[in-house]
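Coordinates as given in run_11.tsv (TSV, C-alpha atoms and all ligand atoms):
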```
chain	number	residue	atom	x	y	z
A	1	MET	CA	0.00	0.00	0.00
A	2	LYS	CA	1.31	3.48	-0.85
A	3	LYS	CA	2.22	5.66	2.11
A	4	ILE	CA	1.74	9.40	2.49
A	5	LEU	CA	3.24	11.50	5.27
A	6	VAL	CA	0.99	14.39	6.31
A	7	ILE	CA	2.74	17.22	8.16
A	8	HIS	CA	0.96	20.10	9.87
A	9	GLY	CA	3.14	22.99	11.01
A	10	PRO	CA	2.93	25.39	13.95
A	11	ASN	CA	-0.35	26.57	15.45
A	12	LEU	CA	-2.45	24.27	13.27
A	13	ASN	CA	-3.25	22.30	16.43
A	14	LEU	CA	-5.23	25.43	17.44
A	15	LEU	CA	-7.58	25.28	14.44
A	16	GLY	CA	-11.24	25.60	15.30
A	17	ASP	CA	-10.47	28.31	17.79
A	18	ARG	CA	-7.74	30.25	16.02
A	19	GLU	CA	-8.70	33.23	13.75
A	20	VAL	CA	-11.87	31.46	12.64
A	21	GLY	CA	-12.60	34.23	10.13
A	22	VAL	CA	-9.42	33.24	8.28
A	23	TYR	CA	-9.10	29.51	8.94
A	24	GLY	CA	-12.67	28.37	9.63
A	25	LYS	CA	-14.17	26.41	12.48
A	26	MET	CA	-12.83	22.96	11.70
A	27	THR	CA	-10.44	21.48	14.19
A	28	LEU	CA	-7.26	19.69	13.14
A	29	LYS	CA	-8.82	16.45	14.38
A	30	GLN	CA	-11.76	16.95	12.00
A	31	ILE	CA	-9.44	17.76	9.10
A	32	ASN	CA	-7.41	14.64	9.83
A	33	SER	CA	-10.49	12.46	9.92
A	34	GLU	CA	-11.58	13.84	6.51
A	35	LEU	CA	-8.12	12.97	5.17
A	36	GLU	CA	-8.34	9.47	6.65
A	37	LYS	CA	-11.70	8.93	4.90
A	38	ILE	CA	-10.17	9.83	1.52
A	39	ALA	CA	-7.12	7.66	2.21
A	40	LYS	CA	-9.29	4.69	3.13
A	41	ALA	CA	-11.45	5.05	0.00
A	42	ASP	CA	-8.33	5.37	-2.19
A	43	LYS	CA	-6.48	2.56	-0.38
A	44	VAL	CA	-3.42	4.48	0.76
A	45	SER	CA	-2.10	4.79	4.28
A	46	LEU	CA	-1.42	8.07	6.08
A	47	GLU	CA	0.93	8.97	8.87
A	48	ILE	CA	-0.05	12.30	10.37
A	49	PHE	CA	2.32	14.55	12.30
A	50	GLN	CA	1.91	18.03	13.78
A	51	SER	CA	4.63	20.09	15.37
A	52	ASP	CA	5.24	23.67	16.42
A	53	HIS	CA	8.98	23.08	16.16
A	54	GLU	CA	10.97	23.61	13.00
A	55	GLY	CA	13.67	21.10	13.98
A	56	GLU	CA	11.10	18.37	14.66
A	57	ILE	CA	9.57	18.91	11.22
A	58	VAL	CA	13.01	18.83	9.59
A	59	GLY	CA	13.81	15.62	11.50
A	60	ARG	CA	10.52	13.97	10.50
A	61	ILE	CA	11.11	14.76	6.83
A	62	GLY	CA	14.69	13.47	7.05
A	63	LYS	CA	13.52	10.16	8.54
A	64	ALA	CA	10.89	9.76	5.79
A	65	LYS	CA	13.40	9.00	3.04
A	66	GLY	CA	12.64	5.66	1.42
A	67	LYS	CA	9.60	5.13	3.66
A	68	PHE	CA	6.95	7.36	2.06
A	69	ASP	CA	5.77	7.81	-1.50
A	70	CYS	CA	4.62	11.41	-1.08
A	71	ILE	CA	4.49	14.17	1.53
A	72	LEU	CA	1.50	16.47	2.05
A	73	ILE	CA	2.57	19.49	4.08
A	74	ASN	CA	1.04	22.65	5.47
A	75	PRO	CA	4.20	24.29	6.78
A	76	ALA	CA	2.08	27.13	8.27
A	77	ALA	CA	4.25	30.10	9.32
A	78	TYR	CA	7.44	28.19	8.40
A	79	THR	CA	6.30	28.40	4.77
A	80	HIS	CA	7.62	31.93	4.71
A	81	THR	CA	10.77	31.54	6.77
A	82	SER	CA	12.21	28.05	6.80
A	83	VAL	CA	15.21	27.35	4.61
A	84	ALA	CA	15.72	24.25	6.80
A	85	ILE	CA	12.33	22.70	5.89
A	86	ARG	CA	12.85	23.55	2.24
A	87	ASP	CA	16.28	21.92	2.31
A	88	ALA	CA	14.86	18.83	4.04
A	89	VAL	CA	12.21	18.44	1.32
A	90	ALA	CA	14.87	18.83	-1.36
A	91	ALA	CA	17.21	16.41	0.44
A	92	VAL	CA	14.83	13.44	0.69
A	93	SER	CA	13.57	13.65	-2.92
A	94	ILE	CA	10.05	12.62	-1.90
A	95	PRO	CA	7.46	14.38	-4.06
A	96	THR	CA	5.81	16.99	-1.84
A	97	VAL	CA	2.48	18.79	-2.11
A	98	GLU	CA	2.10	22.09	-0.22
A	99	VAL	CA	-1.31	23.15	1.11
A	100	HIS	CA	-2.73	26.19	2.85
A	101	LEU	CA	-6.22	26.77	4.18
A	102	SER	CA	-6.09	30.49	3.37
A	103	ASN	CA	-4.99	32.12	0.12
A	104	ILE	CA	-1.49	33.17	1.17
A	105	HIS	CA	-1.14	35.29	-1.98
A	106	ALA	CA	-4.12	37.45	-1.04
A	107	ARG	CA	-2.95	38.13	2.52
A	108	GLU	CA	-0.13	40.20	4.06
A	109	GLU	CA	2.88	40.64	1.80
A	110	PHE	CA	5.15	38.55	4.05
A	111	ARG	CA	2.91	35.54	3.32
A	112	HIS	CA	3.20	35.88	-0.45
A	113	THR	CA	6.53	34.09	-0.57
A	114	SER	CA	6.75	30.36	0.03
A	115	LEU	CA	10.25	28.99	0.45
A	116	ILE	CA	8.76	25.51	0.07
A	117	ALA	CA	6.93	26.02	-3.26
A	118	PRO	CA	10.07	25.82	-5.45
A	119	VAL	CA	10.85	22.33	-4.11
A	120	ALA	CA	7.21	21.15	-4.06
A	121	VAL	CA	5.39	19.50	-6.95
A	122	GLY	CA	2.62	22.06	-6.48
A	123	GLN	CA	0.68	24.21	-4.06
A	124	VAL	CA	-3.03	24.38	-3.17
A	125	SER	CA	-3.99	27.55	-1.32
A	126	GLY	CA	-7.21	29.27	-0.35
A	127	PHE	CA	-9.87	26.57	-0.29
A	128	GLY	CA	-10.04	25.78	3.42
A	129	LEU	CA	-10.62	22.08	4.05
A	130	ASP	CA	-10.80	21.58	0.28
A	131	SER	CA	-7.13	22.66	0.02
A	132	TYR	CA	-6.29	19.59	2.08
A	133	ARG	CA	-8.72	17.38	0.15
A	134	LEU	CA	-7.38	18.53	-3.23
A	135	GLY	CA	-3.81	18.33	-1.99
A	136	LEU	CA	-4.30	14.79	-0.73
A	137	LYS	CA	-5.94	13.74	-4.01
A	138	ALA	CA	-2.90	15.14	-5.85
A	139	ALA	CA	-0.54	13.36	-3.44
A	140	ILE	CA	-2.39	10.06	-3.94
A	141	GLY	CA	-2.14	10.43	-7.72
A	142	ILE	CA	1.60	11.05	-7.43
A	143	ALA	CA	2.13	8.19	-4.95
A	144	LYS	CA	0.28	5.73	-7.18
A	145	LYS	CA	2.55	6.61	-10.10
A	146	THR	CA	5.71	5.83	-8.10
A	147	LYS	CA	7.17	2.33	-8.39
B	201	LIG	C1	-1.38	28.84	6.63
B	201	LIG	C2	-0.95	30.22	6.11
B	201	LIG	C3	0.29	30.73	6.84
B	201	LIG	O1	0.66	32.01	6.36
B	201	LIG	C4	0.03	30.83	8.33
B	201	LIG	O2	1.20	31.23	9.01
B	201	LIG	C5	-0.57	29.60	8.90
B	201	LIG	C6	-1.54	28.83	8.14
B	201	LIG	C7	-2.71	28.36	6.01
B	201	LIG	O3	-2.99	27.17	6.09
B	201	LIG	O4	-3.47	29.17	5.46
B	201	LIG	O5	-0.32	29.27	10.06
B	201	LIG	O6	-0.37	27.89	6.26
```
I'd like the structure from this file rewritten - as structure tokens, please.
Amino acid sequence: MKKILVIHGPNLNLLGDREVGVYGKMTLKQINSELEKIAKADKVSLEIFQSDHEGEIVGRIGKAKGKFDCILINPAAYTHTSVAIRDAVAAVSIPTVEVHLSNIHAREEFRHTSLIAPVAVGQVSGFGLDSYRLGLKAAIGIAKKTK
């Protein structure tokens, strides 16, 4: 069975309560259970990881080499700052799909740049829960094409 690593970055554990006008009312638990439903229907397995710590995310990506067929990541605030997460994605050569609940390009200027996007296969941004759903569907398509 193909394996996808799902990574949620900092503060995403606060979803449901955090800036609901921007991110909506869904909790991370609810998002994860939607992702699990899709994974089950499409017969892939997910490992889901959330961390507020850049080094933990870098470490998790580093350990994924050879073990996962695709990574689905919402790097949250680290999207805009983390050379280390970008380098980890580039280092493991696992195809990576970047997702954001909000449209980062329509928000404050500092959010317009993603350091991850140049090393990702693609980015889905601005569709709330559907960003994750679309991103996972893309990740599954990529994973199923790998040998
Ligand atoms: C986010 C967008 C980021 O700019 C922000 O720092 C987040 C969440 C999103 O999903 O819309 O924490 O990645």
Given only C-alpha atoms as the counted atoms, nearest of A:Val44, A:Val83, A:Ala39, A:Ile31 to Lys3 of chain A:
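Among the listed residues, A:Val44 lies closest to Lys3 of chain A.
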Would you compute the distance between atom O2 of ligand LIG 201 (chain B) and atom CA of Gly126 of chain A? Give it in Å to one decimal.
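Atom-to-atom, atom O2 of ligand LIG 201 (chain B) and atom CA of Gly126 of chain A are spaced 12.7 Å apart.
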Would you list the residues that come within 8 Å of ligand LIG 201 (chain B)? Count all atoms listed in the file and give the answer as a compact mmCIF listing (two decimals) with C-alpha atoms, in the coordinates of the input.
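Listed below is the output, out-v1.txt:
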```txt
# COMPACT_ATOMS: atom_id res chain seq x y z
CA GLY A 9 3.14 22.99 11.01
CA PRO A 10 2.93 25.39 13.95
CA ASN A 11 -0.35 26.57 15.45
CA LEU A 12 -2.45 24.27 13.27
CA VAL A 22 -9.42 33.24 8.28
CA TYR A 23 -9.10 29.51 8.94
CA ASN A 74 1.04 22.65 5.47
CA PRO A 75 4.20 24.29 6.78
CA ALA A 76 2.08 27.13 8.27
CA ALA A 77 4.25 30.10 9.32
CA TYR A 78 7.44 28.19 8.40
CA THR A 79 6.30 28.40 4.77
CA HIS A 80 7.62 31.93 4.71
CA VAL A 99 -1.31 23.15 1.11
CA HIS A 100 -2.73 26.19 2.85
CA LEU A 101 -6.22 26.77 4.18
CA SER A 102 -6.09 30.49 3.37
CA ASN A 103 -4.99 32.12 0.12
CA ILE A 104 -1.49 33.17 1.17
CA ARG A 111 2.91 35.54 3.32
CA SER A 125 -3.99 27.55 -1.32
CA GLY A 126 -7.21 29.27 -0.35
CA GLY A 128 -10.04 25.78 3.42
```
For Gly24 of chain A, please output as a compact mmCIF listing (two decimals) with C-alpha atoms, in the coordinates of the input all residues within 9 Å (counting all atoms listed in the file; exclusion window: fewer than 6 positions along the same chain).
```txt
# COMPACT_ATOMS: atom_id res chain seq x y z
CA LEU A 15 -7.58 25.28 14.44
CA GLY A 16 -11.24 25.60 15.30
CA ASP A 17 -10.47 28.31 17.79
CA ARG A 18 -7.74 30.25 16.02
CA LEU A 101 -6.22 26.77 4.18
CA GLY A 128 -10.04 25.78 3.42
CA LEU A 129 -10.62 22.08 4.05
```
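Considering the residues A:His8, A:His53, A:Arg133, A:Lys145 and counting only C-alpha atoms, Lys37 of chain A has its shortest atom-to-atom contact with A:Arg133.
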Excluding same-chain residues fewer than 5 positions from Ile61 of chain A, what lies within 10 Å of it counting all atoms listed in the file, as a PyMOL selection string?
chain A and resi 5+7+55-56+68+71+85+87-92+94
With a distance cut-off of 10 Å and all atoms listed in the file, select the neighbouring residues of segment 138-143 of chain A, excluding the residue or stretch itself and same-chain residues fewer than 5 positions from it, and output the selection as an MDAnalysis selection string.
chainID A and resid 1:6 38:39 42:45 68:72 94:98 121:124 132:133
Option closest in space to Asn32 of chain A, from A:Ile57, A:Arg86, A:Leu136, A:Glu19 [counting all atoms listed in the file]
A:Leu136
Counting all atoms listed in the file, closest pick from A:Gly135, A:Phe127, A:Thr146, A:Glu54 relative to Ile73 of chain A is A:Gly135
I'd like to know which of A:Ile48, A:Ala106, A:Leu35, A:Leu115 is closest to Thr81 of chain A, using all atoms listed in the file.
A:Leu115
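Among A:Gly59, A:Lys67, A:Leu134, A:Ile116, the residue with the shortest atom-to-atom distance to Leu46 of chain A, counting only C-alpha atoms, is A:Lys67.
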In Å, rounded to a single decimal, give me how far atom CA of Glu108 of chain A is from atom CA of Leu28 of chain A.
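According to the coordinates, atom CA of Leu28 of chain A and atom CA of Glu108 of chain A are separated by 23.5 Å.
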For a test of reading the model, state the distance in Å between atom CA of Ala117 of chain A and atom CA of Phe49 of chain A, rounded to one decimal.
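That distance, rounded to one decimal, is 19.9 Å.
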